[in-house]
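Data file: entry.txt. Format and content: compact mmCIF, C-alpha atoms and all ligand atoms.
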# COMPACT_ATOMS: atom_id res chain seq x y z
CA MET A 1 -51.61 46.22 7.91
CA LYS A 2 -48.32 47.44 9.23
CA LEU A 3 -48.09 48.27 12.91
CA CYS A 4 -45.64 50.78 14.37
CA VAL A 5 -45.54 51.39 18.11
CA PHE A 6 -43.78 54.50 19.41
CA ASP A 7 -42.85 55.50 22.93
CA THR A 8 -45.09 58.54 22.85
CA ALA A 9 -47.93 60.01 20.85
CA GLU A 10 -45.65 62.93 20.00
CA GLU A 11 -43.10 60.63 18.39
CA ALA A 12 -45.80 58.77 16.47
CA SER A 13 -47.20 62.09 15.28
CA ARG A 14 -43.77 63.26 14.20
CA GLN A 15 -43.27 60.10 12.14
CA ALA A 16 -46.74 60.42 10.65
CA ALA A 17 -45.95 63.99 9.67
CA LEU A 18 -42.71 62.89 8.00
CA LEU A 19 -44.68 60.41 5.94
CA ILE A 20 -47.20 63.02 4.85
CA ASP A 21 -44.48 65.54 4.18
CA ALA A 22 -42.67 63.09 1.92
CA ALA A 23 -45.90 62.38 0.04
CA VAL A 24 -46.64 66.08 -0.52
CA ARG A 25 -43.08 66.82 -1.61
CA ASN A 26 -43.13 63.86 -3.95
CA GLN A 27 -46.57 64.61 -5.37
CA PRO A 28 -47.56 68.27 -4.86
CA ALA A 29 -51.18 67.58 -5.85
CA THR A 30 -51.64 64.95 -3.14
CA VAL A 31 -55.21 64.38 -1.93
CA LEU A 32 -55.35 63.97 1.85
CA GLY A 33 -58.24 62.59 3.87
CA LEU A 34 -58.33 64.31 7.25
CA ALA A 35 -59.74 63.62 10.69
CA THR A 36 -60.69 65.76 13.68
CA GLY A 37 -60.52 65.08 17.42
CA GLY A 38 -57.64 65.10 19.83
CA THR A 39 -55.63 62.41 18.06
CA PRO A 40 -54.36 64.28 14.98
CA LEU A 41 -53.55 67.57 16.76
CA ALA A 42 -49.82 66.94 17.18
CA LEU A 43 -49.61 65.66 13.62
CA TYR A 44 -51.23 68.85 12.37
CA ARG A 45 -48.77 70.96 14.37
CA GLU A 46 -45.91 69.08 12.70
CA MET A 47 -47.45 69.53 9.24
CA ILE A 48 -47.65 73.28 9.87
CA ARG A 49 -44.04 73.30 10.99
CA ALA A 50 -43.01 71.47 7.81
CA CYS A 51 -44.99 73.87 5.65
CA ARG A 52 -43.26 76.83 7.30
CA ALA A 53 -39.97 75.08 6.56
CA GLY A 54 -40.84 74.95 2.87
CA THR A 55 -43.31 72.15 2.03
CA ASP A 56 -45.76 73.56 -0.48
CA TYR A 57 -49.46 72.85 0.13
CA SER A 58 -50.76 75.13 -2.62
CA ARG A 59 -51.75 72.19 -4.82
CA VAL A 60 -52.87 69.83 -2.06
CA THR A 61 -56.56 68.94 -1.79
CA THR A 62 -58.19 67.70 1.42
CA PHE A 63 -61.42 65.92 2.32
CA ASN A 64 -62.51 65.60 5.92
CA LEU A 65 -64.22 62.49 7.19
CA ASP A 66 -67.19 64.07 8.87
CA GLU A 67 -69.11 67.01 10.28
CA TYR A 68 -71.86 67.37 12.87
CA CYS A 69 -75.35 67.87 11.51
CA GLY A 70 -77.02 71.10 12.49
CA LEU A 71 -73.88 73.13 13.16
CA PRO A 72 -73.09 75.96 10.77
CA ALA A 73 -69.46 76.09 9.57
CA SER A 74 -68.95 79.17 11.77
CA HIS A 75 -69.99 77.34 14.98
CA PRO A 76 -67.09 77.12 17.45
CA GLN A 77 -67.45 73.32 17.65
CA SER A 78 -67.91 72.66 13.95
CA TYR A 79 -65.23 70.57 12.34
CA ARG A 80 -64.72 73.38 9.81
CA THR A 81 -63.77 75.68 12.69
CA PHE A 82 -61.54 72.95 14.15
CA MET A 83 -59.71 72.37 10.87
CA ASP A 84 -59.26 76.06 10.10
CA ALA A 85 -57.89 76.69 13.59
CA ASN A 86 -55.69 73.61 13.94
CA LEU A 87 -54.39 73.06 10.42
CA PHE A 88 -55.53 75.07 7.45
CA SER A 89 -54.67 78.49 8.88
CA GLY A 90 -51.06 77.31 9.22
CA LEU A 91 -50.72 75.92 5.69
CA ASN A 92 -50.48 77.67 2.34
CA ILE A 93 -53.42 75.56 1.18
CA ALA A 94 -56.08 77.06 -1.10
CA PRO A 95 -59.29 77.33 0.94
CA GLN A 96 -61.33 76.05 -2.02
CA ASN A 97 -59.24 72.86 -1.96
CA THR A 98 -60.34 72.02 1.59
CA HIS A 99 -63.54 70.01 1.77
CA ILE A 100 -65.56 69.30 4.89
CA PRO A 101 -69.11 67.99 4.79
CA ASP A 102 -71.71 70.72 5.24
CA GLY A 103 -73.66 69.92 8.40
CA LEU A 104 -76.55 72.08 7.23
CA ALA A 105 -76.84 70.56 3.75
CA SER A 106 -80.33 69.83 2.53
CA PRO A 107 -81.38 67.51 1.12
CA ALA A 108 -78.58 65.65 2.88
CA ALA A 109 -78.72 62.51 0.73
CA HIS A 110 -78.14 64.51 -2.42
CA TYR A 111 -75.32 66.42 -0.75
CA CYS A 112 -73.62 63.21 0.45
CA HIS A 113 -73.71 61.83 -3.06
CA ALA A 114 -72.11 65.03 -4.34
CA TYR A 115 -69.38 64.83 -1.66
CA GLU A 116 -68.43 61.40 -2.95
CA ALA A 117 -68.42 62.74 -6.51
CA GLU A 118 -66.02 65.50 -5.45
CA ILE A 119 -63.63 62.93 -3.98
CA ARG A 120 -63.74 60.97 -7.22
CA ALA A 121 -63.27 64.12 -9.32
CA ALA A 122 -60.15 64.94 -7.31
CA GLY A 123 -58.75 61.54 -8.26
CA GLY A 124 -59.52 59.79 -4.97
CA ILE A 125 -57.79 60.07 -1.62
CA ASP A 126 -54.08 59.26 -1.54
CA ILE A 127 -53.62 59.12 2.25
CA GLN A 128 -56.52 58.92 4.69
CA ILE A 129 -55.70 59.89 8.27
CA LEU A 130 -57.91 58.13 10.79
CA GLY A 131 -58.40 58.23 14.53
CA ILE A 132 -60.25 55.45 16.30
CA GLY A 133 -63.14 55.91 18.70
CA SER A 134 -63.19 54.11 22.02
CA ASN A 135 -66.04 52.06 20.49
CA GLY A 136 -63.94 51.29 17.40
CA HIS A 137 -65.54 53.81 15.09
CA ILE A 138 -63.67 55.39 12.19
CA GLY A 139 -65.03 58.68 10.99
CA PHE A 140 -68.49 58.62 12.54
CA ASN A 141 -69.10 55.09 11.34
CA GLU A 142 -70.46 53.67 14.54
CA PRO A 143 -70.69 49.93 15.37
CA GLY A 144 -73.13 48.31 12.97
CA SER A 145 -72.07 50.42 9.98
CA ALA A 146 -71.82 48.33 6.84
CA PHE A 147 -68.35 47.85 5.43
CA ASP A 148 -69.61 49.09 2.06
CA SER A 149 -71.35 52.17 3.51
CA ARG A 150 -70.95 55.48 1.71
CA THR A 151 -71.10 59.11 2.82
CA ARG A 152 -74.40 59.57 4.64
CA VAL A 153 -76.16 60.94 7.70
CA VAL A 154 -75.42 58.81 10.76
CA SER A 155 -76.64 58.77 14.36
CA LEU A 156 -74.02 59.04 17.07
CA THR A 157 -73.97 56.44 19.82
CA PRO A 158 -74.32 57.54 23.46
CA GLN A 159 -70.67 56.51 23.91
CA THR A 160 -69.50 58.88 21.16
CA VAL A 161 -71.69 61.68 22.51
CA ARG A 162 -70.07 61.15 25.94
CA ASP A 163 -66.56 61.01 24.43
CA ASN A 164 -67.08 64.24 22.51
CA ALA A 165 -68.91 66.13 25.25
CA ARG A 166 -65.55 67.44 26.46
CA PHE A 167 -65.52 69.82 23.48
CA PHE A 168 -68.96 71.25 24.32
CA HIS A 169 -70.27 73.19 27.30
CA SER A 170 -72.59 70.28 28.17
CA PRO A 171 -73.36 66.77 26.88
CA ASP A 172 -76.77 68.05 25.81
CA ALA A 173 -75.09 70.41 23.35
CA VAL A 174 -73.42 67.57 21.40
CA PRO A 175 -75.27 66.98 18.12
CA ARG A 176 -76.80 63.51 17.86
CA SER A 177 -76.13 63.06 14.16
CA ALA A 178 -73.43 63.78 11.64
CA ILE A 179 -72.51 63.43 7.99
CA SER A 180 -69.72 60.88 7.67
CA MET A 181 -67.80 59.30 4.86
CA GLY A 182 -68.75 55.64 4.82
CA ILE A 183 -66.47 52.73 5.54
CA GLY A 184 -66.61 51.87 1.84
CA THR A 185 -65.53 55.42 1.05
CA ILE A 186 -62.62 55.20 3.50
CA LEU A 187 -61.50 51.83 2.13
CA GLU A 188 -61.11 53.40 -1.33
CA ALA A 189 -58.24 55.60 -0.11
CA ARG A 190 -54.97 54.37 -1.57
CA GLN A 191 -53.36 54.36 1.87
CA CYS A 192 -54.84 54.63 5.37
CA LEU A 193 -52.89 55.91 8.36
CA LEU A 194 -54.64 54.96 11.58
CA LEU A 195 -53.47 56.78 14.71
CA GLY A 196 -54.33 55.57 18.19
CA PHE A 197 -53.07 57.12 21.39
CA GLY A 198 -53.75 56.49 25.04
CA GLU A 199 -54.93 53.62 27.15
CA LYS A 200 -58.54 54.53 26.44
CA LYS A 201 -58.07 53.22 22.90
CA ALA A 202 -56.26 50.00 23.81
CA GLN A 203 -59.27 47.66 23.67
CA ALA A 204 -60.62 49.12 20.43
CA VAL A 205 -57.15 48.88 18.87
CA ARG A 206 -56.81 45.27 19.95
CA ALA A 207 -60.20 44.37 18.51
CA ALA A 208 -59.48 46.24 15.27
CA LEU A 209 -56.12 44.56 14.71
CA GLU A 210 -56.45 41.16 16.32
CA GLY A 211 -60.15 40.43 16.41
CA PRO A 212 -62.33 39.22 13.57
CA ALA A 213 -63.37 41.75 10.93
CA THR A 214 -66.87 42.61 12.10
CA THR A 215 -69.27 45.50 11.73
CA ASP A 216 -69.43 45.54 15.55
CA LEU A 217 -65.96 47.08 15.39
CA PRO A 218 -65.84 49.40 12.37
CA ALA A 219 -62.05 49.87 12.37
CA SER A 220 -61.65 46.11 11.81
CA ALA A 221 -62.76 46.78 8.21
CA LEU A 222 -59.24 48.08 7.65
CA GLN A 223 -57.95 44.49 7.84
CA SER A 224 -59.09 44.05 4.24
CA HIS A 225 -57.31 47.17 2.96
CA PRO A 226 -54.05 46.50 1.10
CA ASP A 227 -52.10 49.45 2.53
CA VAL A 228 -52.76 50.43 6.14
CA LEU A 229 -50.24 51.88 8.56
CA VAL A 230 -51.16 51.81 12.25
CA PHE A 231 -49.20 54.23 14.40
CA LEU A 232 -49.73 53.75 18.14
CA ASP A 233 -48.20 54.95 21.34
CA LYS A 234 -47.32 52.32 23.94
CA ALA A 235 -50.51 52.85 25.92
CA ALA A 236 -52.77 52.25 22.91
CA ALA A 237 -50.74 49.14 22.06
CA SER A 238 -50.85 47.80 25.61
CA ALA A 239 -53.67 45.29 25.03
CA LEU A 240 -52.16 43.74 21.90
CA SER A 241 -51.11 40.15 22.34
CA ARG A 242 -47.78 40.66 20.60
CA ARG A 243 -45.12 41.98 22.94
CA ASP A 244 -42.25 42.59 20.54
CA GLN A 245 -43.27 46.04 19.43
CA SER A 246 -39.89 47.65 19.11
CA SER A 247 -40.24 48.40 15.40
CA CYS A 248 -42.78 48.32 12.59
CA HIS A 249 -44.21 44.92 11.72
CA PRO A 250 -46.84 43.51 9.45
CA VAL A 251 -49.97 42.53 11.37
CA PRO A 252 -51.07 38.95 10.70
CA LYS A 253 -54.42 38.69 8.94
CA SER A 254 -55.76 36.60 11.78
CA ARG A 255 -54.54 35.50 15.16
CA ASP A 256 -53.92 32.01 13.82
CA GLU A 257 -51.63 33.08 11.04
CA ASN A 258 -48.26 33.36 12.75
CA ILE A 259 -46.00 35.23 10.36
CA PHE A 260 -43.50 36.43 12.93
P1 LIG A 301 -60.20 61.49 19.54
O1 LIG A 301 -61.37 60.83 18.73
O2 LIG A 301 -59.10 61.72 18.55
O3 LIG A 301 -60.74 62.78 20.06
O4 LIG A 301 -59.79 60.53 20.59
C1 LIG A 301 -61.08 59.85 17.77
C2 LIG A 301 -62.35 59.38 17.14
O5 LIG A 301 -63.40 59.42 17.79
O6 LIG A 301 -62.31 58.96 15.97
Would you kindly transcribe this structure into structure tokens?
Ligand code: PGA
Amino acid sequence: MKLCVFDTAEEASRQAALLIDAAVRNQPATVLGLATGGTPLALYREMIRACRAGTDYSRVTTFNLDEYCGLPASHPQSYRTFMDANLFSGLNIAPQNTHIPDGLASPAAHYCHAYEAEIRAAGGIDIQILGIGSNGHIGFNEPGSAFDSRTRVVSLTPQTVRDNARFFHSPDAVPRSAISMGIGTILEARQCLLLGFGEKKAQAVRAALEGPATTDLPASALQSHPDVLVFLDKAAASALSRRDQSSCHPVPKSRDENIF
């Protein structure tokens, strides 16, 4: 893991966008894994800006991490609606190259298997963008998810329902299940870019980076991935034990292994 702490979420997002822009310019058929939520919004704005400035997305393929079960794509709170509004409509990406799990798919198990096959057929994910839940989830892989889990239907924890209620008119309207790429699926991406912003994420970030790798904290699975970049703002980094965060550093594999 390599950790980069920036003064602000905006700066972290700008740097993340530069990284993605370089990848797309270098390899026009890049396969991106995408996330929803508040975290990637500034990144997506920067990607749109770069596309308007000339970066070509016409050969890029994307796969989103997850989608709520029971919401049609046209629902205002579906992740399809979110992605169209906040990213895809601003890129010259081919709509058929954008993949988001279908929250109405039936039978779901068969559909999830097919989603994985589509990722493989596209050559696998080059860069997977990830947020982190306040409970340490990545995608909708809630605490307890196996590190070798695959795309499947998952139940959302009460904490996640509470966290996401802000997007709905009432907590009761938040779906209780979702289709999510598994942790095993995520770990197959060639590179993962984990973004964490705000004090609310500080404890989950600390546990993910400095705690033991445990299914109690799904993001800690990333410790075993060979190429993970963690971009934080100062608030999200505030619980980390290391204080020298002025530039990007490798994260030790365990607290005991002092490589600095
Ligand atoms: P957020 O959610 O970006 O809205 O904070 C992140 C997540 O739950 O993965």
Around ligand LIG 301 (chain A), which protein and nucleic acid residues have at least one atom no more than 6 Å from it, if we count all atoms listed in the file? List them as a PDB file with C-alpha atoms, in the coordinates of the input.
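Result went into part_6.pdb, see below:
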ATOM      1  CA  GLY A  37     -60.520  65.080  17.420  1.00  0.00           C
ATOM      2  CA  GLY A  38     -57.640  65.100  19.830  1.00  0.00           C
ATOM      3  CA  THR A  39     -55.630  62.410  18.060  1.00  0.00           C
ATOM      4  CA  GLY A 131     -58.400  58.230  14.530  1.00  0.00           C
ATOM      5  CA  ILE A 132     -60.250  55.450  16.300  1.00  0.00           C
ATOM      6  CA  GLY A 133     -63.140  55.910  18.700  1.00  0.00           C
ATOM      7  CA  ILE A 138     -63.670  55.390  12.190  1.00  0.00           C
ATOM      8  CA  GLY A 139     -65.030  58.680  10.990  1.00  0.00           C
TER       9      GLY A 139
END
> Neighbours of A:Ala108 within 9 Å (only C-alpha atoms; same-chain residues fewer than 6 positions away dropped), as number ranges by chain?
Replying inline: A: 102, 152-153, 179
> Which residues come within 8 Å of A:Arg80, counting all atoms listed in the file, excluding same-chain residues fewer than 5 positions away, as a ChimeraX atom specification?
Replying inline: /A:67,73-74,100
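Note that the spacing between atom CA of A:Ser180 and atom CA of A:Phe140 amounts to 5.5 Å.
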> Contacts of A:Leu71 at 9 Å or less, counting all atoms listed in the file, minus same-chain residues fewer than 3 places along, as a PyMOL selection string?
Replying inline: chain A and resi 67-68+74-78+102-104+175
> Nearest to A:Gln159: which of A:Gln96, A:Glu142, A:Cys69, A:Asp172 is it, counting all atoms listed in the file?
Replying inline: A:Glu142
> So which residues fall inside 6 Å of (-51.7, 50.4, 3.9) if we count all atoms listed in the file? Mind giving them as a PyMOL selection string?
Replying inline: chain A and resi 1+191-192+226-229
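Minimum distance to A:Phe6 across A:Ser177, A:Thr55, A:Ser238, A:Ser155 (counting all atoms listed in the file) occurs at A:Ser238.
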>> Just to confirm, what's the straight-line distance from atom CA of A:Ala22 to atom CA of A:Gly54 in Å (one decimal)?
In response: 12.0 Å
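We find atom CA of A:His249 and atom CA of A:Val5 to be spaced 9.2 Å apart.
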> Do you know which residues are at most 8 Å from A:Leu232 counting all atoms listed in the file, after dropping those on the same chain fewer than 3 positions away, and could you put them as a ChimeraX atom specification?
Replying inline: /A:3-6,9,12,195-197,235-237
Show which residues sit within 10 Å of A:Leu187, as a CSV table (one decimal) with C-alpha atoms, in the frame of the given file. Count all atoms listed in the file, and ignore same-chain residues fewer than 2 positions away.
chain,number,residue,atom,x,y,z
A,125,ILE,CA,-57.8,60.1,-1.6
A,128,GLN,CA,-56.5,58.9,4.7
A,147,PHE,CA,-68.4,47.8,5.4
A,148,ASP,CA,-69.6,49.1,2.1
A,149,SER,CA,-71.4,52.2,3.5
A,182,GLY,CA,-68.8,55.6,4.8
A,183,ILE,CA,-66.5,52.7,5.5
A,184,GLY,CA,-66.6,51.9,1.8
A,185,THR,CA,-65.5,55.4,1.0
A,189,ALA,CA,-58.2,55.6,-0.1
A,190,ARG,CA,-55.0,54.4,-1.6
A,191,GLN,CA,-53.4,54.4,1.9
A,192,CYS,CA,-54.8,54.6,5.4
A,221,ALA,CA,-62.8,46.8,8.2
A,222,LEU,CA,-59.2,48.1,7.6
A,223,GLN,CA,-58.0,44.5,7.8
A,224,SER,CA,-59.1,44.0,4.2
A,225,HIS,CA,-57.3,47.2,3.0
A,226,PRO,CA,-54.0,46.5,1.1
A,227,ASP,CA,-52.1,49.4,2.5
A,228,VAL,CA,-52.8,50.4,6.1
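Nearest residue to A:Leu19 among A:Pro218, A:Arg120, A:Ile129, A:Thr81 is A:Ile129, counting all atoms listed in the file.
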> Out of A:Ile20, A:Ala202, A:Ala29, A:Ala117, which residue has the shortest atom-to-atom distance to A:Ala94 when counting all atoms listed in the file?
Replying inline: A:Ala29
> Given the choices A:Asp233, A:Asn97, A:Arg242, A:Lys200, which gets closest to A:Asp7 if the distance is worked out from only C-alpha atoms?
Replying inline: A:Asp233
>> Here is a test: counting all atoms listed in the file, which residue of A:Ser145, A:Asn64, A:Thr30, A:Asn164 is nearest to A:Thr214?
In response: A:Ser145
